[in-house]
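*Asks:* Take a look at this one; I'll ask things after.
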Amino acid sequence: MRNRLSFSAAVMAMALALSPATRGQNTAQQTPAADISGVWQLAKVQGVLFPNGGAPLTPWAEAKLKAANPQTNDPNLACLPEGMPRFMISIPLPMEIFQVPTRVVIIREGVQLYRQIYMNRQHLKDLDPTYSGDSIGKWEGDTLVVDTIGLKDSTWVDNAGLPHSEAMHVVERIRRTDHDTLVDDLTIEDPMAFTKPITAQRVYKLKPGWEIQEFVCTENNKYTYQGK
């Protein structure tokens, strides 16, 4: 049986549902067209987007990738958040999705605890880059379309060290193809890092009865990080 963080997450989600909109959001509420809530686990761990090479990298990105070493300078080893889209595509730990009228909240078992997808506003102006970025969503039928910008360039796109700049733009199409299956189709654009858009798909399986466990990275991972 999984542990108890889902109760706290549920309380947070309820508070979000009841609290007024902030930071310039309008107060109009969208009713979800589909239910994607639940605890989900990657059906297959695919931590690297290009396991056989061939990523469409610019010279700038090629140099960055060459310097990346998952054993010594992965920012995650220093207990820093994985960032987006790595948060969704490369982490073999469960996540729980909560839906409230103004946003979709994803709680992750891991270093990066959560991300928020705002359903009632456009992107904020003059964004300060963050690990999760600024995500806005809308429903197209039973598909949640998520647009994310404003991402820190210190994170990796995948577990191999695929780099990106702060100009990266991620679009996800998240849908439940059956009761037990969630599919996330991603398109990643970054003209500084990639010569063309990158696409990926991740499939999650529903885990009834699971709860999100506490994860404290600083108890171990930080001692292996050699990056400056």
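Naming scheme: A, B, ... for chains in displayed order of the structure tokens; residues 1 onward per chain; ligands 1 onward as shown.
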DSSP on the backbone: what in range 47-219 of chain A comes out strand (DSSP E or B), as a PyMOL selection string?
*Replies:* chain A and resi 57+95-100+103-108+114-118+130+134-140+143-149+151+169-178+181-189+194+198-206
*Asks:* Compile the contact shell of Lys196 in chain A as a VMD selection string: residues with an atom at most 12 Å away, counting only C-alpha atoms, same-chain residues fewer than 4 positions apart removed.
*Replies:* chain A and resid 55 to 58 168 187 to 192
*Asks:* CA of Phe50 in chain A and CA of Leu65 in chain A are how many Å apart?
*Replies:*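 Between these atoms lies a distance of 12.0 Å.
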*Asks:* List the neighbours of Val170 in chain A out to 10 Å using only C-alpha atoms; skip same-chain residues closer than 2 positions along the sequence, and give me the result as an MDAnalysis selection string.
*Replies:* chainID A and resid 84:85 133 135 146:151 167:168 172 186:190 197:199
*Asks:* Would you output that residue set with C-alpha atoms, as a PDB file, in the first residue's frame?
*Replies:*
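That gives us part-v9.pdb:
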```pdb
ATOM      1  CA  MET A  84       9.529  20.064 -17.729  1.00  0.00           C
ATOM      2  CA  PRO A  85       9.138  18.007 -19.867  1.00  0.00           C
ATOM      3  CA  GLY A 133       7.185  26.707 -16.271  1.00  0.00           C
ATOM      4  CA  SER A 135       1.290  25.921 -18.067  1.00  0.00           C
ATOM      5  CA  VAL A 146      -1.449  22.011 -22.310  1.00  0.00           C
ATOM      6  CA  ASP A 147       0.864  24.834 -23.439  1.00  0.00           C
ATOM      7  CA  THR A 148       4.010  25.394 -21.343  1.00  0.00           C
ATOM      8  CA  ILE A 149       6.643  28.148 -21.579  1.00  0.00           C
ATOM      9  CA  GLY A 150       8.902  29.975 -19.111  1.00  0.00           C
ATOM     10  CA  LEU A 151      11.214  27.057 -18.302  1.00  0.00           C
ATOM     11  CA  ALA A 167      12.915  29.627 -25.329  1.00  0.00           C
ATOM     12  CA  MET A 168      11.650  26.037 -25.136  1.00  0.00           C
ATOM     13  CA  GLU A 172       0.983  18.288 -24.571  1.00  0.00           C
ATOM     14  CA  LEU A 186       4.302  15.961 -26.487  1.00  0.00           C
ATOM     15  CA  THR A 187       5.751  18.384 -29.034  1.00  0.00           C
ATOM     16  CA  ILE A 188       8.916  20.205 -27.948  1.00  0.00           C
ATOM     17  CA  GLU A 189      10.186  23.256 -29.822  1.00  0.00           C
ATOM     18  CA  ASP A 190      13.353  25.239 -29.093  1.00  0.00           C
ATOM     19  CA  PRO A 197      10.397  20.082 -33.295  1.00  0.00           C
ATOM     20  CA  ILE A 198      10.813  16.929 -31.209  1.00  0.00           C
ATOM     21  CA  THR A 199       7.838  14.683 -30.546  1.00  0.00           C
TER      22      THR A 199
END
```
*Asks:* For range 62-103 of chain A against range 127-132 of chain A, with a cut-off of 12 Å and counting only C-alpha atoms, what is the closest atom pair and its distance in Å to one decimal for every residue that makes the cut, ordered by chain and number, as a tab-separated table?
*Replies:*
```
residue	atom	partner	partner_atom	distance
A:Pro75	CA	A:Tyr131	CA	11.6
A:Asn76	CA	A:Tyr131	CA	11.6
A:Leu80	CA	A:Tyr131	CA	9.0
A:Pro81	CA	A:Tyr131	CA	6.5
A:Glu82	CA	A:Tyr131	CA	7.3
A:Gly83	CA	A:Tyr131	CA	4.4
A:Met84	CA	A:Ser132	CA	5.5
A:Pro85	CA	A:Ser132	CA	8.3
A:Arg86	CA	A:Ser132	CA	9.8
A:Phe87	CA	A:Ser132	CA	8.2
A:Met88	CA	A:Ser132	CA	10.4
```
*Asks:* Restricting the output to all heavy atoms, write the selected residues as a CSV table (one decimal), in the first residue's frame.
*Replies:*
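Now in out05.csv:
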```csv
chain,number,residue,atom,x,y,z
A,75,PRO,N,21.6,17.6,-12.9
A,75,PRO,CA,21.1,18.5,-11.8
A,75,PRO,C,20.2,17.7,-10.8
A,75,PRO,O,20.2,18.1,-9.6
A,75,PRO,CB,20.3,19.5,-12.6
A,75,PRO,CG,20.9,19.5,-13.9
A,75,PRO,CD,21.3,18.1,-14.2
A,76,ASN,N,19.6,16.7,-11.2
A,76,ASN,CA,18.7,15.9,-10.3
A,76,ASN,C,19.5,15.3,-9.2
A,76,ASN,O,19.0,15.0,-8.1
A,76,ASN,CB,17.9,14.9,-11.1
A,76,ASN,CG,16.9,14.1,-10.3
A,76,ASN,OD1,16.8,12.9,-10.4
A,76,ASN,ND2,16.1,14.8,-9.5
A,80,LEU,N,17.9,18.9,-7.3
A,80,LEU,CA,17.1,20.0,-8.0
A,80,LEU,C,16.0,19.3,-8.7
A,80,LEU,O,16.1,18.2,-9.2
A,80,LEU,CB,18.0,20.7,-8.9
A,80,LEU,CG,19.2,21.5,-8.2
A,80,LEU,CD1,20.1,22.1,-9.3
A,80,LEU,CD2,18.6,22.6,-7.4
A,81,PRO,N,14.9,20.1,-8.9
A,81,PRO,CA,13.7,19.5,-9.7
A,81,PRO,C,14.1,19.1,-11.1
A,81,PRO,O,15.0,19.7,-11.7
A,81,PRO,CB,12.7,20.7,-9.7
A,81,PRO,CG,13.1,21.5,-8.5
A,81,PRO,CD,14.6,21.4,-8.4
A,82,GLU,N,13.4,18.1,-11.6
A,82,GLU,CA,13.7,17.6,-12.9
A,82,GLU,C,13.4,18.6,-14.0
A,82,GLU,O,14.0,18.6,-15.1
A,82,GLU,CB,12.9,16.3,-13.2
A,82,GLU,CG,13.3,15.1,-12.4
A,82,GLU,CD,12.5,15.0,-11.1
A,82,GLU,OE1,11.6,15.9,-10.8
A,82,GLU,OE2,12.8,14.0,-10.3
A,83,GLY,N,12.3,19.4,-13.8
A,83,GLY,CA,11.9,20.4,-14.8
A,83,GLY,C,11.0,19.7,-15.8
A,83,GLY,O,10.8,18.5,-15.9
A,84,MET,N,10.4,20.5,-16.6
A,84,MET,CA,9.5,20.1,-17.7
A,84,MET,C,10.3,20.1,-19.0
A,84,MET,O,11.1,21.0,-19.2
A,84,MET,CB,8.3,21.0,-17.9
A,84,MET,CG,7.2,20.6,-17.0
A,84,MET,SD,6.4,19.0,-17.6
A,84,MET,CE,5.8,19.5,-19.2
A,85,PRO,N,10.1,19.1,-19.9
A,85,PRO,CA,9.1,18.0,-19.9
A,85,PRO,C,9.6,16.7,-19.2
A,85,PRO,O,8.9,15.7,-19.2
A,85,PRO,CB,8.9,17.7,-21.3
A,85,PRO,CG,10.2,18.0,-22.0
A,85,PRO,CD,10.8,19.2,-21.2
A,86,ARG,N,10.9,16.7,-18.7
A,86,ARG,CA,11.4,15.5,-18.0
A,86,ARG,C,10.5,15.0,-16.9
A,86,ARG,O,10.4,13.8,-16.7
A,86,ARG,CB,12.8,15.8,-17.5
A,86,ARG,CG,13.6,14.6,-17.0
A,86,ARG,CD,15.0,15.0,-16.5
A,86,ARG,NE,15.7,13.9,-16.1
A,86,ARG,CZ,16.9,14.0,-15.4
A,86,ARG,NH1,17.4,15.2,-15.2
A,86,ARG,NH2,17.6,12.9,-15.0
A,87,PHE,N,9.8,16.0,-16.2
A,87,PHE,CA,8.9,15.7,-15.2
A,87,PHE,C,7.8,14.6,-15.6
A,87,PHE,O,7.4,13.8,-14.9
A,87,PHE,CB,8.2,17.0,-14.7
A,87,PHE,CG,7.2,16.8,-13.7
A,87,PHE,CD1,7.5,17.0,-12.3
A,87,PHE,CD2,5.8,16.7,-14.0
A,87,PHE,CE1,6.5,16.9,-11.4
A,87,PHE,CE2,4.8,16.6,-13.1
A,87,PHE,CZ,5.2,16.7,-11.7
A,88,MET,N,7.5,14.8,-16.9
A,88,MET,CA,6.4,13.9,-17.5
A,88,MET,C,6.9,12.7,-18.2
A,88,MET,O,6.2,11.7,-18.4
A,88,MET,CB,5.5,14.7,-18.4
A,88,MET,CG,4.7,15.9,-17.7
A,88,MET,SD,3.5,15.3,-16.4
A,88,MET,CE,2.3,14.5,-17.5
```
*Asks:* Give me the residues within 10 Å of His179 in chain A as a list in words, counting only C-alpha atoms and dropping any in the same chain fewer than 2 places off.
*Replies:*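 My reading of the contact set: Asp35, Ile36, Arg176, Thr177, Thr181, Leu182, Lys205 and Leu206 of chain A.
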*Asks:* I'd like to know which of A:Ile174, A:Cys79, A:Ile91, A:Leu113 is closest to Ile212 in chain A, using only C-alpha atoms.
*Replies:*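 Counting only C-alpha atoms, the residue closest to Ile212 in chain A is A:Leu113.
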*Asks:* Report, in Å with one decimal, the straight-line distance from CA of Val183 in chain A to CA of Val203 in chain A.
*Replies:* 4.6 Å
*Asks:* Go through A:Ala61, A:Ile97, A:Val111, A:Gln71 and flag the residue nearest Cys217 in chain A, using only C-alpha atoms for the distances.
*Replies:*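 For Cys217 in chain A, the nearest of the given residues is A:Val111.
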*Asks:* Between A:Asp158, A:Glu214, A:Asp184, A:Asp126, single out the one closest to Pro94 in chain A, counting only C-alpha atoms.
*Replies:* A:Glu214
*Asks:* Record the distance separating CA of Tyr204 in chain A and CA of Gln41 in chain A, expressed in Å with one decimal.
*Replies:* 5.1 Å
*Asks:* Counting only C-alpha atoms, what is within 10 Å of Lys64 in chain A, bar same-chain residues fewer than 6 positions away, as an MDAnalysis selection string?
*Replies:* chainID A and resid 57:58 161:164 193
*Asks:* Between A:Phe194, A:Trp156, A:Trp210, A:Trp139, which one has atoms that come closest to Pro70 in chain A, using only C-alpha atoms?
*Replies:* A:Trp156
*Asks:* Using only C-alpha atoms, which of the listed residues (A:Leu124, A:His169, A:Met119, A:Ala34) sits closest to Ile136 in chain A?
*Replies:* A:Met119
